[in-house]
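Okay, structure first, notes after.
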Amino acid sequence: MSKASVTRYTMLATLAGILFLAGCAKKQAKATPPAPAPPPTPTATLTAAPGDIQQGQSTQLSWSTSNATDINISGLGTVSASGTQSVSPQDSTTYELTAKGPGGSADASARVTVNPKPQPAQSSISEDELFQQNVKDVFFDLDKYDIRADQESVLQNDAKFLSDHPDIALTVAGHCDNRGSEEYNLALGASRANTFKSELVKLGVSADRIKTTSLGKEQPFCSQDNEECWSQNRRDHLAKD
């Protein structure tokens with residue numbers, strides 16, 4: 001073998017060794033894993049419908065969140081990820097929602113404006129006039145003291161007016177037509193007055209506001225001797241004290 005051939009062979013062997021070592025090193029190198037993705041950022045929304053109410057009324061809070069594990073609304077405390085709830089604030093209030101999770105936090109708010117109740121207009125009519133306009137007598141059948149079916153609506157209207165005006169006291173006077181003895185009619189008039197008082201109390205009027213008396217047949221509303229007139233005298237008359 002010539003000197004040139006030896007040199008060439010040596011160079012080829014050296015190159016083969018280098019390539020072999022490079023291949024082994026390449027096989028031994030490990031790929032670097034990608035960095036983990038950051039956790040998603042929470043989102044949050046909060047609304048109030050309606051946003052304007054009067055005192056005593058309610059509104060509906062609605063909220064929705066995502067990517068959160070801890071959700072809190074001021075005034076309500078910890079809540080679920082989404083939901084609705086009725087609230088009745090007495091004053092104007094801003095509700096604040098905070099949603100927290102591994103990826104951070106998110107906030108949302110909703111304003112509820114509470115307007116005072118409108119004041120009722122002052123009436124120029126006196127209380128006595130209101131009583132006379134709204135409180136009506138009830139009528140009875142002959143020798144009866146139970147409230148007739150056609151008088152139930154009168155009873156209910158009287159009770160409502162008295163409930164709406166709790167400072168008014170009254171006297172219920174039982175009246176009868178002129179048939180029968182004085183003693184009988186006094187007793188019948190008392191039964192009529194007491195029955196009406198009892199029914200008013202059942203409808204919410206305080207018993208201590210109501211006096212009863214019987215006038216029997218002594219103070220008739222009509223003085224003719226016929227059924228049309230007698231039917232007008234069989235009544236409970238209500239008078240403001």
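Each chain in the structure tokens gets a letter, A, B, ..., in the order shown, and its residues are numbered from 1; ligands are numbered from 1 in order too.
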field: Expected answer as JSON, numbers by chain: alpha helix (DSSP H) residues in range 124-154 of chain A
entry: {"A": [127, 128, 129, 130, 131, 132, 133, 134, 152, 153, 154]}
task: Can you pull out every residue within 12 Å of range 162-169 of chain A, counting only C-alpha atoms, but drop anything in the same chain fewer than 4 positions away, and send it as number ranges by chain?
output: A: 127-128, 130-132, 134-136, 155-158, 200-212, 238-241
Please produce a file of those selected residues containing C-alpha atoms, as a short mmCIF file (atom, residue, chain, number, x, y, z; two decimals), in the first residue's frame.
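And here's result-v1.cif as it stands now:
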data_model
loop_
_atom_site.label_atom_id
_atom_site.label_comp_id
_atom_site.auth_asym_id
_atom_site.auth_seq_id
_atom_site.Cartn_x
_atom_site.Cartn_y
_atom_site.Cartn_z
CA GLU A 127 -112.73 62.70 57.51
CA ASP A 128 -116.39 63.09 58.43
CA LEU A 130 -115.23 60.60 53.74
CA PHE A 131 -117.01 58.50 56.36
CA GLN A 132 -120.43 59.57 55.12
CA ASN A 134 -117.98 55.49 52.04
CA VAL A 135 -119.60 53.84 55.05
CA LYS A 136 -123.08 52.52 54.30
CA LEU A 155 -120.06 44.95 54.85
CA GLN A 156 -116.75 44.35 53.07
CA ASN A 157 -116.56 47.90 51.74
CA ASP A 158 -117.27 49.31 55.20
CA LEU A 200 -116.26 43.79 61.04
CA VAL A 201 -113.86 42.30 63.58
CA LYS A 202 -113.51 39.16 61.45
CA LEU A 203 -112.49 41.42 58.55
CA GLY A 204 -109.72 43.05 60.58
CA VAL A 205 -111.33 46.06 62.30
CA SER A 206 -110.28 46.33 65.93
CA ALA A 207 -113.16 45.58 68.33
CA ASP A 208 -112.23 48.45 70.65
CA ARG A 209 -113.07 50.93 67.88
CA ILE A 210 -116.69 49.74 67.64
CA LYS A 211 -119.54 50.51 70.05
CA THR A 212 -122.99 49.00 69.67
CA LEU A 238 -123.08 53.36 61.37
CA ALA A 239 -122.14 56.72 62.88
CA LYS A 240 -118.67 58.15 63.39
CA ASP A 241 -117.82 58.91 67.01
#
task: Quick one: pick out all strand (DSSP E) residues within range 143-190 of chain A from a backbone DSSP run and write them as number ranges by chain.
output: A: 170-175
- request: Name all residues at most 10 Å from range 65-70 of chain A (count only C-alpha atoms; drop same-chain ones fewer than 6 positions away) and give them as a PyMOL selection string.
  value: chain A and resi 39-46+78-83+97-108
For the residues selected in the previous step, produce a file with C-alpha atoms as an mmCIF file, in the first residue's frame.
data_model
loop_
_atom_site.group_PDB
_atom_site.id
_atom_site.type_symbol
_atom_site.label_atom_id
_atom_site.label_comp_id
_atom_site.auth_asym_id
_atom_site.auth_seq_id
_atom_site.Cartn_x
_atom_site.Cartn_y
_atom_site.Cartn_z
ATOM 1 C CA PRO A 39 -54.689 28.744 33.419
ATOM 2 C CA PRO A 40 -57.517 30.694 31.736
ATOM 3 C CA THR A 41 -58.476 34.062 33.143
ATOM 4 C CA PRO A 42 -61.922 34.214 34.899
ATOM 5 C CA THR A 43 -64.802 36.159 33.346
ATOM 6 C CA ALA A 44 -67.819 37.679 35.132
ATOM 7 C CA THR A 45 -71.058 39.513 34.346
ATOM 8 C CA LEU A 46 -73.727 40.895 36.713
ATOM 9 C CA THR A 78 -70.686 33.162 48.253
ATOM 10 C CA VAL A 79 -72.774 32.162 45.225
ATOM 11 C CA SER A 80 -72.693 29.549 42.471
ATOM 12 C CA ALA A 81 -70.914 30.091 39.145
ATOM 13 C CA SER A 82 -74.130 31.438 37.617
ATOM 14 C CA GLY A 83 -77.653 32.116 38.819
ATOM 15 C CA LEU A 97 -69.313 40.513 42.092
ATOM 16 C CA THR A 98 -65.776 39.107 42.448
ATOM 17 C CA ALA A 99 -64.802 35.883 40.684
ATOM 18 C CA LYS A 100 -61.414 34.284 41.535
ATOM 19 C CA GLY A 101 -59.690 31.291 39.975
ATOM 20 C CA PRO A 102 -56.216 29.863 39.224
ATOM 21 C CA GLY A 103 -55.889 32.275 36.310
ATOM 22 C CA GLY A 104 -56.592 35.447 38.316
ATOM 23 C CA SER A 105 -59.796 37.352 39.130
ATOM 24 C CA ALA A 106 -62.612 39.287 37.452
ATOM 25 C CA ASP A 107 -65.065 41.879 38.765
ATOM 26 C CA ALA A 108 -68.544 43.022 37.740
#
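From CA of Lys117 in chain A back to CA of Thr94 in chain A, the distance works out to 19.9 Å.
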message: What's around range 178-195 of chain A at 8 Å? Count only C-alpha atoms, leave out sequence neighbours fewer than 4 positions away in its own chain, and write the answer as a list of chain:residue names.
response: A:Asp143, A:Lys144, A:Tyr145, A:Asp146, A:Ile147, A:Val172, A:Ala173, A:Gly174, A:Glu199, A:Thr212, A:Thr213, A:Ser214, A:Leu215, A:Gly216, A:Lys217, A:Pro220, A:Trp230, A:Arg235, A:Asp236
Residues of the last selection are to be written out with C-alpha atoms, as a PDB file, in the first residue's frame.
ATOM      1  CA  ASP A 143    -137.204  39.247  62.462  1.00  0.00           C
ATOM      2  CA  LYS A 144    -133.647  38.386  61.291  1.00  0.00           C
ATOM      3  CA  TYR A 145    -130.253  39.582  62.426  1.00  0.00           C
ATOM      4  CA  ASP A 146    -127.916  37.635  60.133  1.00  0.00           C
ATOM      5  CA  ILE A 147    -126.184  39.519  57.282  1.00  0.00           C
ATOM      6  CA  VAL A 172    -123.313  50.618  65.212  1.00  0.00           C
ATOM      7  CA  ALA A 173    -126.997  51.205  66.035  1.00  0.00           C
ATOM      8  CA  GLY A 174    -129.491  48.416  65.414  1.00  0.00           C
ATOM      9  CA  GLU A 199    -118.346  40.606  61.130  1.00  0.00           C
ATOM     10  CA  THR A 212    -122.989  49.003  69.668  1.00  0.00           C
ATOM     11  CA  THR A 213    -126.425  50.143  70.728  1.00  0.00           C
ATOM     12  CA  SER A 214    -130.050  49.302  69.966  1.00  0.00           C
ATOM     13  CA  LEU A 215    -132.723  51.853  69.195  1.00  0.00           C
ATOM     14  CA  GLY A 216    -135.387  49.250  68.427  1.00  0.00           C
ATOM     15  CA  LYS A 217    -138.292  50.915  66.703  1.00  0.00           C
ATOM     16  CA  PRO A 220    -137.484  55.015  62.314  1.00  0.00           C
ATOM     17  CA  TRP A 230    -140.491  48.888  56.945  1.00  0.00           C
ATOM     18  CA  ARG A 235    -131.030  48.260  59.386  1.00  0.00           C
ATOM     19  CA  ASP A 236    -127.738  48.797  61.177  1.00  0.00           C
TER      20      ASP A 236
END
task: For CA of Gln219 in chain A and CA of Val154 in chain A, quote the distance in Å rounded to one decimal.
output: 22.3 Å
